[in-house]
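> Provided herewith: run.cif, mmCIF, C-alpha atoms, pLDDT in the B column; chains and numbers go by the auth columns.
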data_final
loop_
_atom_site.group_PDB
_atom_site.id
_atom_site.type_symbol
_atom_site.label_atom_id
_atom_site.label_comp_id
_atom_site.label_asym_id
_atom_site.label_seq_id
_atom_site.Cartn_x
_atom_site.Cartn_y
_atom_site.Cartn_z
_atom_site.B_iso_or_equiv
_atom_site.auth_seq_id
_atom_site.auth_asym_id
ATOM 1 C CA MET A 1 -30.268 -24.091 -10.436 60.00 179 A
ATOM 2 C CA SER A 2 -33.735 -24.783 -11.657 65.00 180 A
ATOM 3 C CA GLU A 3 -36.155 -27.475 -10.615 80.00 181 A
ATOM 4 C CA ARG A 4 -36.634 -28.149 -14.343 83.00 182 A
ATOM 5 C CA TYR A 5 -32.903 -28.884 -14.802 85.00 183 A
ATOM 6 C CA PRO A 6 -31.744 -30.600 -11.594 85.00 184 A
ATOM 7 C CA ASP A 7 -28.569 -32.018 -13.190 86.00 185 A
ATOM 8 C CA PHE A 8 -27.424 -28.768 -14.808 88.00 186 A
ATOM 9 C CA GLN A 9 -24.141 -27.580 -13.327 87.00 187 A
ATOM 10 C CA PHE A 10 -22.173 -24.385 -13.752 88.00 188 A
ATOM 11 C CA GLN A 11 -19.383 -22.539 -11.974 90.00 189 A
ATOM 12 C CA LEU A 12 -19.439 -19.033 -10.550 91.00 190 A
ATOM 13 C CA LEU A 13 -16.492 -16.881 -9.608 91.00 191 A
ATOM 14 C CA ALA A 14 -15.866 -13.216 -9.063 92.00 192 A
ATOM 15 C CA ILE A 15 -13.071 -11.162 -10.578 93.00 193 A
ATOM 16 C CA ASN A 16 -11.999 -8.184 -8.515 93.00 194 A
ATOM 17 C CA GLU A 17 -11.067 -5.163 -10.591 94.00 195 A
ATOM 18 C CA ARG A 18 -7.390 -4.304 -10.895 93.00 196 A
ATOM 19 C CA GLY A 19 -6.366 -1.655 -8.365 91.00 197 A
ATOM 20 C CA HIS A 20 -8.940 -2.700 -5.766 91.00 198 A
ATOM 21 C CA SER A 21 -7.102 -5.502 -4.008 91.00 199 A
ATOM 22 C CA SER A 22 -7.348 -3.708 -0.654 92.00 200 A
ATOM 23 C CA ASP A 23 -11.103 -4.453 -0.722 85.00 201 A
ATOM 24 C CA ILE A 24 -10.643 -8.233 -0.973 90.00 202 A
ATOM 25 C CA PRO A 25 -11.120 -8.939 2.771 92.00 203 A
ATOM 26 C CA ILE A 26 -14.477 -7.146 2.651 88.00 204 A
ATOM 27 C CA ALA A 27 -15.506 -8.863 -0.589 86.00 205 A
ATOM 28 C CA VAL A 28 -14.864 -12.398 0.677 90.00 206 A
ATOM 29 C CA GLU A 29 -15.968 -12.098 4.302 93.00 207 A
ATOM 30 C CA GLY A 30 -18.676 -14.673 5.015 94.00 208 A
ATOM 31 C CA ARG A 31 -18.840 -15.810 1.390 91.00 209 A
ATOM 32 C CA GLU A 32 -17.889 -18.985 -0.442 92.00 210 A
ATOM 33 C CA LEU A 33 -17.732 -17.566 -3.976 91.00 211 A
ATOM 34 C CA PRO A 34 -14.195 -17.879 -5.370 93.00 212 A
ATOM 35 C CA LEU A 35 -12.593 -14.492 -6.000 92.00 213 A
ATOM 36 C CA LEU A 36 -9.796 -13.880 -8.473 92.00 214 A
ATOM 37 C CA GLN A 37 -7.775 -10.673 -8.470 93.00 215 A
ATOM 38 C CA ASP A 38 -7.369 -9.058 -11.884 95.00 216 A
ATOM 39 C CA ASP A 39 -3.898 -7.696 -12.549 94.00 217 A
ATOM 40 C CA SER A 40 -1.887 -5.838 -15.187 94.00 218 A
ATOM 41 C CA TRP A 41 -0.930 -9.140 -16.820 94.00 219 A
ATOM 42 C CA SER A 42 -4.428 -10.647 -17.149 93.00 220 A
ATOM 43 C CA LEU A 43 -6.421 -7.454 -17.764 94.00 221 A
ATOM 44 C CA ALA A 44 -9.667 -9.452 -17.614 92.00 222 A
ATOM 45 C CA TRP A 45 -11.839 -6.399 -16.947 93.00 223 A
ATOM 46 C CA ASP A 46 -10.256 -4.466 -19.826 94.00 224 A
ATOM 47 C CA ASN A 47 -10.280 -7.377 -22.271 92.00 225 A
ATOM 48 C CA TRP A 48 -13.916 -8.197 -21.551 91.00 226 A
ATOM 49 C CA GLY A 49 -15.102 -4.577 -21.354 93.00 227 A
ATOM 50 C CA ALA A 50 -16.504 -5.314 -17.901 95.00 228 A
ATOM 51 C CA THR A 51 -18.150 -2.748 -15.662 94.00 229 A
ATOM 52 C CA TRP A 52 -19.010 -2.830 -11.954 93.00 230 A
ATOM 53 C CA ARG A 53 -21.478 -5.642 -11.126 95.00 231 A
ATOM 54 C CA ASP A 54 -21.443 -7.256 -14.568 96.00 232 A
ATOM 55 C CA VAL A 55 -22.212 -10.958 -14.744 96.00 233 A
ATOM 56 C CA MET A 56 -20.272 -12.299 -17.705 95.00 234 A
ATOM 57 C CA VAL A 57 -21.687 -15.630 -18.885 95.00 235 A
ATOM 58 C CA LEU A 58 -19.185 -17.804 -20.738 93.00 236 A
ATOM 59 C CA ASP A 59 -19.733 -20.977 -22.708 90.00 237 A
ATOM 60 C CA GLY A 60 -17.597 -24.119 -22.631 87.00 238 A
ATOM 61 C CA GLU A 61 -15.039 -22.439 -24.900 91.00 239 A
ATOM 62 C CA ASN A 62 -14.711 -19.452 -22.510 89.00 240 A
ATOM 63 C CA GLU A 63 -16.442 -17.172 -25.004 91.00 241 A
ATOM 64 C CA ILE A 64 -18.836 -14.534 -23.650 93.00 242 A
ATOM 65 C CA VAL A 65 -22.395 -15.452 -24.606 92.00 243 A
ATOM 66 C CA GLY A 66 -24.180 -12.928 -22.432 94.00 244 A
ATOM 67 C CA ILE A 67 -23.734 -10.063 -20.009 96.00 245 A
ATOM 68 C CA MET A 68 -26.137 -8.925 -17.320 97.00 246 A
ATOM 69 C CA ASN A 69 -25.405 -5.971 -15.081 97.00 247 A
ATOM 70 C CA LEU A 70 -26.860 -6.390 -11.605 97.00 248 A
ATOM 71 C CA THR A 71 -26.869 -2.690 -10.740 96.00 249 A
ATOM 72 C CA GLY A 72 -30.057 -2.089 -12.698 92.00 250 A
ATOM 73 C CA ASN A 73 -31.261 -5.692 -12.669 97.00 251 A
ATOM 74 C CA SER A 74 -31.716 -6.831 -9.092 97.00 252 A
ATOM 75 C CA LEU A 75 -31.835 -10.590 -8.651 96.00 253 A
ATOM 76 C CA GLY A 76 -34.517 -9.882 -6.063 97.00 254 A
ATOM 77 C CA GLU A 77 -36.897 -9.537 -9.019 97.00 255 A
ATOM 78 C CA ALA A 78 -38.185 -12.765 -10.563 96.00 256 A
ATOM 79 C CA GLU A 79 -37.882 -11.565 -14.171 97.00 257 A
ATOM 80 C CA ASN A 80 -34.188 -10.731 -13.692 97.00 258 A
ATOM 81 C CA ARG A 81 -33.497 -14.123 -12.091 95.00 259 A
ATOM 82 C CA ALA A 82 -35.271 -15.790 -15.018 94.00 260 A
ATOM 83 C CA GLU A 83 -33.189 -13.800 -17.511 95.00 261 A
ATOM 84 C CA LEU A 84 -29.935 -14.788 -15.817 95.00 262 A
ATOM 85 C CA GLU A 85 -31.062 -18.416 -15.605 93.00 263 A
ATOM 86 C CA ALA A 86 -31.822 -18.378 -19.330 93.00 264 A
ATOM 87 C CA LEU A 87 -28.336 -16.988 -20.077 93.00 265 A
ATOM 88 C CA LEU A 88 -26.710 -19.717 -17.978 93.00 266 A
ATOM 89 C CA LEU A 89 -28.778 -22.462 -19.576 92.00 267 A
ATOM 90 C CA GLU A 90 -28.021 -21.144 -23.065 91.00 268 A
ATOM 91 C CA ALA A 91 -24.290 -21.132 -22.268 92.00 269 A
ATOM 92 C CA GLY A 92 -24.674 -24.757 -21.204 91.00 270 A
ATOM 93 C CA GLY A 93 -26.351 -25.670 -24.483 89.00 271 A
ATOM 94 C CA ILE A 94 -29.872 -25.934 -23.077 88.00 272 A
ATOM 95 C CA ASN A 95 -32.709 -24.048 -24.733 80.00 273 A
ATOM 96 C CA PRO A 96 -35.432 -23.644 -22.104 68.00 274 A
#
Could I get this structure in the form of structure tokens?

Amino acid sequence: MSERYPDFQFQLLAINERGHSSDIPIAVEGRELPLLQDDSWSLAWDNWGATWRDVMVLDGENEIVGIMNLTGNSLGEAENRAELEALLLEAGGINP
């Protein structure tokens, strides 16, 4: 993650919006990120109030501690990467 925190570990996964399962082959092609399919039983997107390209950062209790939408916050920009890193570290109990 960060050279300052070489032992810090976290998990990433994607949740595909309910009703878009036909796009799964495109979403996973050439990628290693685990992808879960939301469904009418789980309703993860609805329950979390998620929108397209949201990064939902959860703590160890699976509570949302931060949300960053990547549509307007490209990770190609250093300040946005730093903001996401800070959210992840905070969720892990580290105050940078």
> Tell me which residues the PyMOL selection byres ((chain A and resi 214) around 8) grabs here, as an mmCIF file with C-alpha atoms, keeping the file's coordinate frame.

data_model
loop_
_atom_site.group_PDB
_atom_site.id
_atom_site.type_symbol
_atom_site.label_atom_id
_atom_site.label_comp_id
_atom_site.auth_asym_id
_atom_site.auth_seq_id
_atom_site.Cartn_x
_atom_site.Cartn_y
_atom_site.Cartn_z
ATOM 1 C CA LEU A 191 -16.492 -16.881 -9.608
ATOM 2 C CA ALA A 192 -15.866 -13.216 -9.063
ATOM 3 C CA ILE A 193 -13.071 -11.162 -10.578
ATOM 4 C CA ASN A 194 -11.999 -8.184 -8.515
ATOM 5 C CA PRO A 212 -14.195 -17.879 -5.370
ATOM 6 C CA LEU A 213 -12.593 -14.492 -6.000
ATOM 7 C CA GLN A 215 -7.775 -10.673 -8.470
ATOM 8 C CA ASP A 216 -7.369 -9.058 -11.884
#
> Write out as number ranges by chain which residues come within 10 Å of Ile272 (chain A) when counting all atoms listed in the file, dropping same-chain ones fewer than 5 positions away.
A: 183, 186, 264-267
> Which residues fall under the PyMOL selection byres ((chain A and resi 226) around 12) in this file, as a list in words?
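That selection, the PyMOL selection byres ((chain A and resi 226) around 12), comes back as Ile193, Glu195, Asp216, Ser220, Leu221, Ala222, Trp223, Asp224, Asn225, Gly227, Ala228, Thr229, Asp232, Val233, Met234, Val235, Leu236, Asn240, Glu241, Ile242, Val243, Gly244 and Ile245 of chain A.
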> Kindly give the distance, in Å, that separates CA of Phe188 (chain A) and CA of Ala269 (chain A), rounded to a single decimal.
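Taking CA of Phe188 (chain A) as the start and CA of Ala269 (chain A) as the end point, the length is 9.4 Å.
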> Please compute the CA of Ser199 (chain A)-CA of Ser252 (chain A) distance, one decimal, in Å.
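Result for CA of Ser199 (chain A) versus CA of Ser252 (chain A): 25.2 Å, one decimal.
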> Which residue out of A:Glu210, A:Asp217, A:Glu255, A:Asp185 has the minimum interatomic distance to Gly197 (chain A) when only C-alpha atoms are used?
A:Asp217
> For Gly238 (chain A), which residue among A:Gln187, A:Val206, A:Ala260, A:Trp219 is the nearest when counting only C-alpha atoms?
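For Gly238 (chain A), the nearest of the given residues is A:Gln187.
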> Have a look at CA of Leu248 (chain A) and CA of Glu263 (chain A) and let me know their distance in Å, one decimal.
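Computed distance, CA of Leu248 (chain A) to CA of Glu263 (chain A), equals 13.4 Å.
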